[in-house]
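Some notes on the structure that comes next.
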There are 2 protein chains.
Amino acid sequence: MFSKQTYCKRRDQLKTDVKSGILLFLGNDESGMNYADNTYHFRQDSTFLYFFGSDYAGLNAIIDIDENREIIFGDELTMDHIVWMGSQPTIKEKSEAVGIKETLPMAELKSYLATALTNGRKVHHLPPYRPEHQIKLLDLIQVHPNIAATNASYEFIQAIANQRNYKSQEEIVLIEDAVNITADMHLTAMRMARPGMKESEIAAAVQQVAIAAGGQLSFPVIATINGQTLHNHYHGNTLKSGDLFLLDCGAENSMHYAGDMSSTFPVDKTFTTRQKEIYQIALNAHEAAIDMLAPGVKFKDIHLKAGRTIAEGMKEMGFMKGDLDEAVRQGAHALFFQCGLGHMMGMDVHDMENLGEVYVGYNGEAKSTQFGLKSLRLGRELEENFVLTIEPGIYFIPELIDMWKAENRFSEFINYDKVEQYKNFGGCRNEEDFLITKDGARLLGKPIPKTIADVEAERI
Amino acid sequence: MFSKQTYCKRRDQLKTDVKSGILLFLGNDESGMNYADNTYHFRQDSTFLYFFGSDYAGLNAIIDIDENREIIFGDELTMDHIVWMGSQPTIKEKSEAVGIKETLPMAELKSYLATALTNGRKVHHLPPYRPEHQIKLLDLIQVHPNIAATNASYEFIQAIANQRNYKSQEEIVLIEDAVNITADMHLTAMRMARPGMKESEIAAAVQQVAIAAGGQLSFPVIATINGQTLHNHYHGNTLKSGDLFLLDCGAENSMHYAGDMSSTFPVDKTFTTRQKEIYQIALNAHEAAIDMLAPGVKFKDIHLKAGRTIAEGMKEMGFMKGDLDEAVRQGAHALFFQCGLGHMMGMDVHDMENLGEVYVGYNGEAKSTQFGLKSLRLGRELEENFVLTIEPGIYFIPELIDMWKAENRFSEFINYDKVEQYKNFGGCRNEEDFLITKDGARLLGKPIPKTIADVEAERI
């Protein structure tokens, strides 16, 4: 945990920013898998962790700005709980550790809020991302699940994003720790993968690295010979000679900071010629993007630069044709690069995605609706102490190719005959994590192989 | 998946048993961790899997007994979904694979149920164990979260338990497969554990075995030097010479059948004398319980026999005293054996715990409220093709000892001075999985070491 002062300072800043009303923080509960008591691993809400630090299920909190009160609501453990789950600090102890003096039993929260609402005061809440939050909002302040997202407080969201977007030195150390574990996950996979193995064996080995280090995965492992599916969570295939393997995985350390890296390597010891050619184009886009990272640059422009680099490479190979400025403007290159260049990263691997990407990644500016660009999670001008990923890729998605070809979409920019020849190529990307510095950017964590020569060297 | 006929037969039996009304089956959705799209691994609802086989998120189903219709409700994938998550069979294909001819878009489910309710027909639903189910019940049939559990249909629950309690030959093969993976998890831990390691390293290694085999954990790993906490999910301690290590873990295979075993071994290569003495008492109880397994025997009586065996051993060592019949009747031995002897196991590691233990494990008979016995999940008379665990243990829980001692509870049966000397002992148990056969029981899966000699042999 951070110091008591850190949490107090963060809460004070919130009070200053939101100005009035009651801020409601719903902590996460245990989440049942196939029955209530068979739970997934517990994950506290990141905003709750950021302002209240307490990594336990069954807590909620408020900051009553008008009356200058900060209260954690929770119930003490019974002996049954201690027998089954072990003992914990008391609610008082958990609260004092983060500078909160007032605690109340959970049952008091509803009446506290009811009184406030009766007195015409505003209760600020966040968009619920778990059904349990929807039920809490219904129960506590009678906000129906259907309207809970739109009823969320814009001022509250913005005030949180305005703090969490800027990583402190302490946070950067923790993020770098998670990225280093993440690098080890990738090195483990690069060294072990062999034809005949199951994808699940690789997925299991990289997960082992994260858990042995005392944390968890920061998101479900993508470990696949079908890298063209961007978030492929299926691990049932067997690796064959000639396949390209795409690994996208990350560790979350015990303080709940995330790492997120991707690597692509041949199942054989070397890339085939066609794998090299496509991989190199994606890598060129990756390097072009990194070169642009600096405060004051719009991330959307870096994304478009990466897209333009991919388009250039694909034109050179005969996949694309015509005026590339126009092709990229219209989004034709998104046949190969369907997703965004990167995203903010912090306690959440897509940092604060639950609060709304538009607020976090676009500072309120509207997102494009164009295929490809609409999946860009970060568009705003970069600032010092932002932490983000760079992850352009090239993907041949047979269903998408079939659809566009049938519609004759962008036929002035796409050479579908050539594309057909690569329909079973799969996909490739590299991904690294960066800190925006005063005058540029710094790679976080130890580098992993990304040039063709370095990747092949790791595979021997 | 099982054959189409298997699923049809199971549903036909349900219709026969429940007789009238509409049976509502809520499939599980993806479950967000720290934001909606960062999901835990998907786990389909076991009852949905049992009757509809389809292992995908976003499906619900009904069996309309009165009108003899069976319908799966779901929506086809969009291109965005295919780009990000890959393609899937169509709803029609998923449905035909399990003998369902009728499919409808999800939006139709609400109006289907509304019409039925308007016509005075009964909609049978199950107790919700995930908040998402609570919200679905509120939305679909206006059952408020506060009353959803009590509003659940007893006939529906009972009819499901009456099928799922009796494992078919095909199911037994799958359970045995999961138990064999589980045995490998234990052997991995027994062979690797050394002083200086972190608990998380052992937890990571056993999880790797389960995931590499293509499945998942059947429940969160217990891998701890504090075995006295029954469901200890903390993995942050370092193993020290002299510690006793308790591992309770299981694999869930790709067909979602569970294994569940426990083992206890010294962090050193051999047990200390006091570890041997306590461990042997727990093992005696374990063997005494196994000896009694047969159809027609009440599991509650087997539990009490295990308790009595523990009490005898603890009296011999001076922890207990007085009339043991009376001590066990009153529950004094539960100072050391606070939990149940075992539970039903199938697709859920505590099979159908979501439907209510009383229905599944007690056939409707009331459960005891006595400390210890109240945690026994299975009490009923055993029948052929039940699958269950045997897992007695001995635990020294400091907080519980302090409480009972302060209350002077059972002072005629407990020698607290002696207990104080073992307060930091920790805990131990073994656990194995059994099939009730025509005239006894059969151990499922390959055996793992449990005698002191065999465990020590594995540690060298």
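For the structure tokens, the naming scheme is as follows: chains receive sequential letters (A, B, ...) according to their order of presentation, residues are indexed from 1 within each chain, and ligands are indexed from 1 in presentation order.
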
Per-residue nearest contacts of chain A to chain B (8 Å; only C-alpha atoms) as a tab-separated table:
residue	atom	partner	partner_atom	distance
A:Ser31	CA	B:Arg130	CA	7.5
A:Gly32	CA	B:Arg130	CA	6.2
A:Met33	CA	B:Arg43	CA	6.4
A:Asn34	CA	B:Asp45	CA	5.9
A:Tyr35	CA	B:Asn354	CA	4.8
A:Ala36	CA	B:Tyr129	CA	5.1
A:Asn38	CA	B:Phe219	CA	6.0
A:Thr39	CA	B:Pro220	CA	7.1
A:Tyr40	CA	B:Tyr40	CA	7.1
A:His41	CA	B:Pro220	CA	7.1
A:Arg43	CA	B:Met33	CA	6.4
A:Gln44	CA	B:Asn34	CA	7.4
A:Asp45	CA	B:Asn34	CA	5.9
A:Ser46	CA	B:Asn34	CA	6.8
A:Met79	CA	B:Leu400	CA	7.2
A:Ile82	CA	B:Thr229	CA	7.3
A:Val83	CA	B:Thr229	CA	5.7
A:Trp84	CA	B:Leu230	CA	4.7
A:Met85	CA	B:His231	CA	5.2
A:Gly86	CA	B:Thr229	CA	5.3
A:Tyr129	CA	B:Ala36	CA	5.1
A:Arg130	CA	B:Gly32	CA	6.2
A:Pro131	CA	B:Glu132	CA	5.2
A:Glu132	CA	B:Pro131	CA	5.2
A:Ile135	CA	B:Pro131	CA	7.2
A:Pro145	CA	B:Ile135	CA	7.8
A:Lys198	CA	B:Ala212	CA	7.7
A:Ser200	CA	B:Ala212	CA	4.8
A:Glu201	CA	B:Ala212	CA	4.1
A:Ile202	CA	B:Ala212	CA	7.4
A:Ala203	CA	B:Ala212	CA	7.2
A:Ala204	CA	B:Gln208	CA	4.7
A:Ala205	CA	B:Gln208	CA	6.1
A:Gln207	CA	B:Gln208	CA	7.2
A:Gln208	CA	B:Ala204	CA	4.7
A:Val209	CA	B:Ala204	CA	7.4
A:Ile211	CA	B:Ala204	CA	5.2
A:Ala212	CA	B:Glu201	CA	4.1
A:Ala213	CA	B:Ser200	CA	7.0
A:Gly214	CA	B:Ser200	CA	5.7
A:Phe219	CA	B:Asn38	CA	6.0
A:Pro220	CA	B:His41	CA	7.1
A:Gln228	CA	B:Val83	CA	7.8
A:Thr229	CA	B:Gly86	CA	5.3
A:Leu230	CA	B:Trp84	CA	4.7
A:His231	CA	B:Trp84	CA	5.1
A:Asn232	CA	B:Met85	CA	5.4
A:His233	CA	B:Met85	CA	7.5
A:His235	CA	B:Gly214	CA	7.3
A:Gly236	CA	B:Gly214	CA	6.8
A:Gln338	CA	B:Val83	CA	7.9
A:Asp348	CA	B:Asn34	CA	6.8
A:Met352	CA	B:Tyr35	CA	7.7
A:Glu353	CA	B:Tyr35	CA	6.2
A:Asn354	CA	B:Tyr35	CA	4.8
A:Ile397	CA	B:Val83	CA	7.0
A:Glu399	CA	B:Ile82	CA	7.7
A:Leu400	CA	B:Met79	CA	7.2

Please report, as CSV, each residue of segment 298-353 of chain A lying at most 12 Å from segment 425-449 of chain A, together with the nearest pair of atoms and the separation in Å rounded to one decimal; use only C-alpha atoms, and order rows by chain and ascending residue number.
residue,atom,partner,partner_atom,distance
A:Phe299,CA,A:Ile436,CA,11.4
A:Ile310,CA,A:Arg429,CA,11.8
A:Leu335,CA,A:Gly427,CA,12.0
A:Phe336,CA,A:Gly427,CA,8.9
A:Phe337,CA,A:Gly427,CA,9.7
A:Gln338,CA,A:Gly427,CA,11.2
A:Cys339,CA,A:Arg429,CA,11.2
A:Gly340,CA,A:Glu431,CA,11.8
A:Leu341,CA,A:Glu431,CA,9.3
A:Gly342,CA,A:Glu431,CA,8.5
A:His343,CA,A:Asp433,CA,9.6
A:Met344,CA,A:Asp433,CA,9.4
A:Met345,CA,A:Asp433,CA,8.2
A:Gly346,CA,A:Asp433,CA,10.5
A:Val349,CA,A:Asp433,CA,10.6
A:His350,CA,A:Asp433,CA,11.9

**Study point:** Every residue of segment 102-180 of chain A that DSSP places in alpha helix (DSSP H), as a VMD selection string
**Key:** chain A and resid 107 to 118 131 to 141 154 to 164 169 to 180

Practice item. May I have all residues of segment 183-298 of chain B that DSSP, computed from the backbone, assigns to strand (DSSP E), given as a ChimeraX atom specification? Key: /B:216-217,222-224,244-249,251-252,261-266

Residues just named, written with N, CA and C atoms as a PDB file, in the first residue's frame:
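Written file, again-v4.pdb:
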ATOM      1  N   GLN B 216      -9.400 -25.841 -16.538  1.00  0.00           N
ATOM      2  CA  GLN B 216      -9.242 -24.760 -15.582  1.00  0.00           C
ATOM      3  C   GLN B 216      -9.149 -25.375 -14.190  1.00  0.00           C
ATOM      4  N   LEU B 217      -9.052 -24.532 -13.185  1.00  0.00           N
ATOM      5  CA  LEU B 217      -9.211 -24.987 -11.810  1.00  0.00           C
ATOM      6  C   LEU B 217     -10.691 -25.254 -11.559  1.00  0.00           C
ATOM      7  N   ILE B 222      -5.994 -23.874  -2.729  1.00  0.00           N
ATOM      8  CA  ILE B 222      -5.547 -23.698  -1.348  1.00  0.00           C
ATOM      9  C   ILE B 222      -4.155 -24.310  -1.279  1.00  0.00           C
ATOM     10  N   ALA B 223      -3.149 -23.489  -1.095  1.00  0.00           N
ATOM     11  CA  ALA B 223      -1.753 -23.958  -1.087  1.00  0.00           C
ATOM     12  C   ALA B 223      -1.074 -23.162   0.003  1.00  0.00           C
ATOM     13  N   THR B 224      -0.981 -23.750   1.202  1.00  0.00           N
ATOM     14  CA  THR B 224      -0.728 -22.893   2.361  1.00  0.00           C
ATOM     15  C   THR B 224       0.040 -23.595   3.475  1.00  0.00           C
ATOM     16  N   LEU B 244       4.070 -27.436   7.944  1.00  0.00           N
ATOM     17  CA  LEU B 244       3.251 -28.462   7.304  1.00  0.00           C
ATOM     18  C   LEU B 244       2.529 -27.756   6.163  1.00  0.00           C
ATOM     19  N   PHE B 245       2.575 -28.339   4.989  1.00  0.00           N
ATOM     20  CA  PHE B 245       1.978 -27.693   3.820  1.00  0.00           C
ATOM     21  C   PHE B 245       0.689 -28.396   3.447  1.00  0.00           C
ATOM     22  N   LEU B 246      -0.388 -27.625   3.314  1.00  0.00           N
ATOM     23  CA  LEU B 246      -1.659 -28.221   2.930  1.00  0.00           C
ATOM     24  C   LEU B 246      -2.045 -27.730   1.543  1.00  0.00           C
ATOM     25  N   LEU B 247      -2.293 -28.688   0.660  1.00  0.00           N
ATOM     26  CA  LEU B 247      -2.719 -28.371  -0.699  1.00  0.00           C
ATOM     27  C   LEU B 247      -4.099 -28.967  -0.934  1.00  0.00           C
ATOM     28  N   ASP B 248      -5.042 -28.139  -1.319  1.00  0.00           N
ATOM     29  CA  ASP B 248      -6.388 -28.592  -1.675  1.00  0.00           C
ATOM     30  C   ASP B 248      -6.678 -27.933  -3.021  1.00  0.00           C
ATOM     31  N   CYS B 249      -6.738 -28.739  -4.057  1.00  0.00           N
ATOM     32  CA  CYS B 249      -6.922 -28.172  -5.390  1.00  0.00           C
ATOM     33  C   CYS B 249      -7.551 -29.213  -6.303  1.00  0.00           C
ATOM     34  N   ALA B 251      -8.738 -29.952 -10.697  1.00  0.00           N
ATOM     35  CA  ALA B 251      -8.875 -29.550 -12.091  1.00  0.00           C
ATOM     36  C   ALA B 251     -10.330 -29.645 -12.505  1.00  0.00           C
ATOM     37  N   GLU B 252     -10.715 -28.765 -13.412  1.00  0.00           N
ATOM     38  CA  GLU B 252     -11.973 -28.911 -14.130  1.00  0.00           C
ATOM     39  C   GLU B 252     -11.570 -29.175 -15.577  1.00  0.00           C
ATOM     40  N   MET B 261      -8.967 -32.906  -4.685  1.00  0.00           N
ATOM     41  CA  MET B 261      -8.178 -33.702  -3.743  1.00  0.00           C
ATOM     42  C   MET B 261      -7.404 -32.775  -2.812  1.00  0.00           C
ATOM     43  N   SER B 262      -7.085 -33.317  -1.631  1.00  0.00           N
ATOM     44  CA  SER B 262      -6.225 -32.590  -0.703  1.00  0.00           C
ATOM     45  C   SER B 262      -5.066 -33.488  -0.295  1.00  0.00           C
ATOM     46  N   SER B 263      -3.935 -32.870  -0.040  1.00  0.00           N
ATOM     47  CA  SER B 263      -2.801 -33.602   0.509  1.00  0.00           C
ATOM     48  C   SER B 263      -2.092 -32.700   1.501  1.00  0.00           C
ATOM     49  N   THR B 264      -1.393 -33.310   2.418  1.00  0.00           N
ATOM     50  CA  THR B 264      -0.649 -32.561   3.425  1.00  0.00           C
ATOM     51  C   THR B 264       0.731 -33.178   3.515  1.00  0.00           C
ATOM     52  N   PHE B 265       1.741 -32.351   3.423  1.00  0.00           N
ATOM     53  CA  PHE B 265       3.106 -32.896   3.495  1.00  0.00           C
ATOM     54  C   PHE B 265       4.026 -31.906   4.190  1.00  0.00           C
ATOM     55  N   PRO B 266       5.109 -32.425   4.745  1.00  0.00           N
ATOM     56  CA  PRO B 266       6.036 -31.524   5.434  1.00  0.00           C
ATOM     57  C   PRO B 266       6.869 -30.736   4.420  1.00  0.00           C
TER      58      PRO B 266
END

Review point. Which is closer to Gly379 of chain A than all the others in A:Val297, A:Ala332, A:Val419, A:Arg459, using only C-alpha atoms?
Key: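 Answer, going by the shortest atom-to-atom distance: A:Val297.
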
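Excluding Asn165 of chain B itself and same-chain residues fewer than 5 positions from it, the residues having an atom within 8 Å of it are Met344, Val360, Asn385, Phe386 and Val387 of chain B, counting only C-alpha atoms.
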
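For Ser368 of chain B, the set of protein, DNA and RNA residues having any atom at most 12 Å away, when counting only C-alpha atoms and skipping those fewer than 6 positions along the same chain, is B:Lys300, B:Arg329, B:Gln330, B:Gly331, B:Gly340, B:Val358, B:Tyr362, B:Lys374, B:Ser375, B:Leu376, B:Arg377, B:Leu378, B:Gly379.
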
Selection from above, N, CA and C atoms, as a PDB file, in the first residue's frame, can you write it?
ATOM      1  N   LYS B 300     -24.211 -38.852   6.790  1.00  0.00           N
ATOM      2  CA  LYS B 300     -24.089 -38.200   8.099  1.00  0.00           C
ATOM      3  C   LYS B 300     -23.495 -39.158   9.132  1.00  0.00           C
ATOM      4  N   ARG B 329     -21.614 -36.378  20.237  1.00  0.00           N
ATOM      5  CA  ARG B 329     -23.010 -35.999  20.107  1.00  0.00           C
ATOM      6  C   ARG B 329     -23.173 -34.482  20.264  1.00  0.00           C
ATOM      7  N   GLN B 330     -22.455 -33.921  21.219  1.00  0.00           N
ATOM      8  CA  GLN B 330     -22.571 -32.481  21.474  1.00  0.00           C
ATOM      9  C   GLN B 330     -21.709 -31.638  20.523  1.00  0.00           C
ATOM     10  N   GLY B 331     -20.780 -32.295  19.836  1.00  0.00           N
ATOM     11  CA  GLY B 331     -19.971 -31.564  18.848  1.00  0.00           C
ATOM     12  C   GLY B 331     -18.683 -30.976  19.399  1.00  0.00           C
ATOM     13  N   GLY B 340     -17.297 -30.385   7.228  1.00  0.00           N
ATOM     14  CA  GLY B 340     -17.946 -31.633   6.874  1.00  0.00           C
ATOM     15  C   GLY B 340     -16.954 -32.653   6.335  1.00  0.00           C
ATOM     16  N   VAL B 358     -29.495 -28.458   0.855  1.00  0.00           N
ATOM     17  CA  VAL B 358     -30.525 -29.265   1.521  1.00  0.00           C
ATOM     18  C   VAL B 358     -31.224 -30.174   0.506  1.00  0.00           C
ATOM     19  N   TYR B 362     -29.292 -33.470   1.189  1.00  0.00           N
ATOM     20  CA  TYR B 362     -30.124 -33.921   2.305  1.00  0.00           C
ATOM     21  C   TYR B 362     -31.503 -34.385   1.855  1.00  0.00           C
ATOM     22  N   LYS B 374     -23.173 -28.335  10.935  1.00  0.00           N
ATOM     23  CA  LYS B 374     -23.888 -27.417  10.033  1.00  0.00           C
ATOM     24  C   LYS B 374     -23.103 -27.202   8.737  1.00  0.00           C
ATOM     25  N   SER B 375     -21.813 -27.521   8.763  1.00  0.00           N
ATOM     26  CA  SER B 375     -21.006 -27.383   7.553  1.00  0.00           C
ATOM     27  C   SER B 375     -20.924 -28.677   6.750  1.00  0.00           C
ATOM     28  N   LEU B 376     -21.630 -29.692   7.156  1.00  0.00           N
ATOM     29  CA  LEU B 376     -21.667 -30.944   6.394  1.00  0.00           C
ATOM     30  C   LEU B 376     -22.630 -30.775   5.226  1.00  0.00           C
ATOM     31  N   ARG B 377     -22.090 -30.833   4.010  1.00  0.00           N
ATOM     32  CA  ARG B 377     -22.877 -30.508   2.818  1.00  0.00           C
ATOM     33  C   ARG B 377     -23.698 -31.694   2.313  1.00  0.00           C
ATOM     34  N   LEU B 378     -23.412 -32.867   2.869  1.00  0.00           N
ATOM     35  CA  LEU B 378     -24.052 -34.092   2.396  1.00  0.00           C
ATOM     36  C   LEU B 378     -24.422 -34.929   3.609  1.00  0.00           C
ATOM     37  N   GLY B 379     -25.701 -35.264   3.732  1.00  0.00           N
ATOM     38  CA  GLY B 379     -26.127 -36.036   4.899  1.00  0.00           C
ATOM     39  C   GLY B 379     -26.937 -37.270   4.537  1.00  0.00           C
TER      40      GLY B 379
END

Exercise for review: Tell me, in Å to one decimal, how far atom CA of Leu113 of chain B is from atom CA of Phe156 of chain B.
Suggested key: 16.7 Å

**Study point:** Gly27 of chain A surroundings by only C-alpha atoms, 7 Å radius, close-in-sequence under 5 positions cut, as an MDAnalysis selection string
**Key:** chainID A and resid 44:45 48 57:60

Go ahead and save the residues from that selection, with all heavy atoms, as a JSON list (two decimals), in the first residue's frame.
[["chain", "number", "residue", "atom", "x", "y", "z"],
["A", 44, "GLN", "N", -10.40, -6.25, -6.49],
["A", 44, "GLN", "CA", -11.01, -5.02, -5.99],
["A", 44, "GLN", "C", -11.19, -4.03, -7.14],
["A", 44, "GLN", "O", -10.42, -4.05, -8.11],
["A", 44, "GLN", "CB", -10.13, -4.41, -4.88],
["A", 44, "GLN", "CG", -10.64, -3.14, -4.24],
["A", 44, "GLN", "CD", -12.01, -3.29, -3.59],
["A", 44, "GLN", "OE1", -13.03, -3.50, -4.27],
["A", 44, "GLN", "NE2", -12.06, -3.20, -2.27],
["A", 45, "ASP", "N", -12.19, -3.19, -7.03],
["A", 45, "ASP", "CA", -12.38, -2.11, -7.98],
["A", 45, "ASP", "C", -11.16, -1.17, -7.95],
["A", 45, "ASP", "O", -10.69, -0.79, -6.88],
["A", 45, "ASP", "CB", -13.64, -1.33, -7.59],
["A", 45, "ASP", "CG", -13.84, -0.11, -8.46],
["A", 45, "ASP", "OD1", -14.18, -0.30, -9.64],
["A", 45, "ASP", "OD2", -13.64, 1.01, -7.96],
["A", 48, "PHE", "N", -11.69, 2.20, -6.21],
["A", 48, "PHE", "CA", -11.73, 2.01, -4.77],
["A", 48, "PHE", "C", -10.30, 1.85, -4.23],
["A", 48, "PHE", "O", -9.92, 2.47, -3.22],
["A", 48, "PHE", "CB", -12.59, 0.80, -4.42],
["A", 48, "PHE", "CG", -12.94, 0.71, -2.96],
["A", 48, "PHE", "CD1", -14.10, 1.29, -2.49],
["A", 48, "PHE", "CD2", -12.11, 0.07, -2.06],
["A", 48, "PHE", "CE1", -14.43, 1.25, -1.13],
["A", 48, "PHE", "CE2", -12.41, 0.01, -0.71],
["A", 48, "PHE", "CZ", -13.58, 0.60, -0.25],
["A", 57, "ALA", "N", -12.90, -7.75, -0.14],
["A", 57, "ALA", "CA", -14.29, -7.76, -0.62],
["A", 57, "ALA", "C", -15.21, -7.21, 0.46],
["A", 57, "ALA", "O", -14.88, -7.22, 1.65],
["A", 57, "ALA", "CB", -14.70, -9.19, -0.98],
["A", 58, "GLY", "N", -16.36, -6.71, 0.03],
["A", 58, "GLY", "CA", -17.42, -6.35, 0.99],
["A", 58, "GLY", "C", -17.31, -4.97, 1.60],
["A", 58, "GLY", "O", -17.82, -4.74, 2.69],
["A", 59, "LEU", "N", -16.65, -4.05, 0.93],
["A", 59, "LEU", "CA", -16.53, -2.68, 1.44],
["A", 59, "LEU", "C", -17.13, -1.69, 0.44],
["A", 59, "LEU", "O", -17.04, -1.89, -0.78],
["A", 59, "LEU", "CB", -15.05, -2.31, 1.65],
["A", 59, "LEU", "CG", -14.24, -3.19, 2.61],
["A", 59, "LEU", "CD1", -12.77, -2.79, 2.57],
["A", 59, "LEU", "CD2", -14.79, -3.08, 4.03],
["A", 60, "ASN", "N", -17.75, -0.65, 0.95],
["A", 60, "ASN", "CA", -18.15, 0.49, 0.14],
["A", 60, "ASN", "C", -17.69, 1.73, 0.89],
["A", 60, "ASN", "O", -17.34, 1.65, 2.08],
["A", 60, "ASN", "CB", -19.67, 0.54, -0.06],
["A", 60, "ASN", "CG", -20.18, -0.67, -0.82],
["A", 60, "ASN", "OD1", -19.66, -1.04, -1.86],
["A", 60, "ASN", "ND2", -21.22, -1.33, -0.28]]

Point to revise | Ile71 of chain B environment, 9 Å, only C-alpha atoms, sequence neighbours closer than 6 positions dropped, as a VMD selection string | key: chain B and resid 60 to 64 95 100 to 104

Check your understanding: Nearest to Glu155 of chain A among A:Ala178, A:Ile22, A:Leu140, A:Ile72, with distances taken over only C-alpha atoms: which residue is it?
Key ->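 With only C-alpha atoms as the atom set, the closest residue is A:Ile22.
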
Exercise for review: Quote the spacing between atom CA of Ser20 of chain B and atom CA of Asn151 of chain B in Å to one decimal place.
Suggested key: 16.8 Å
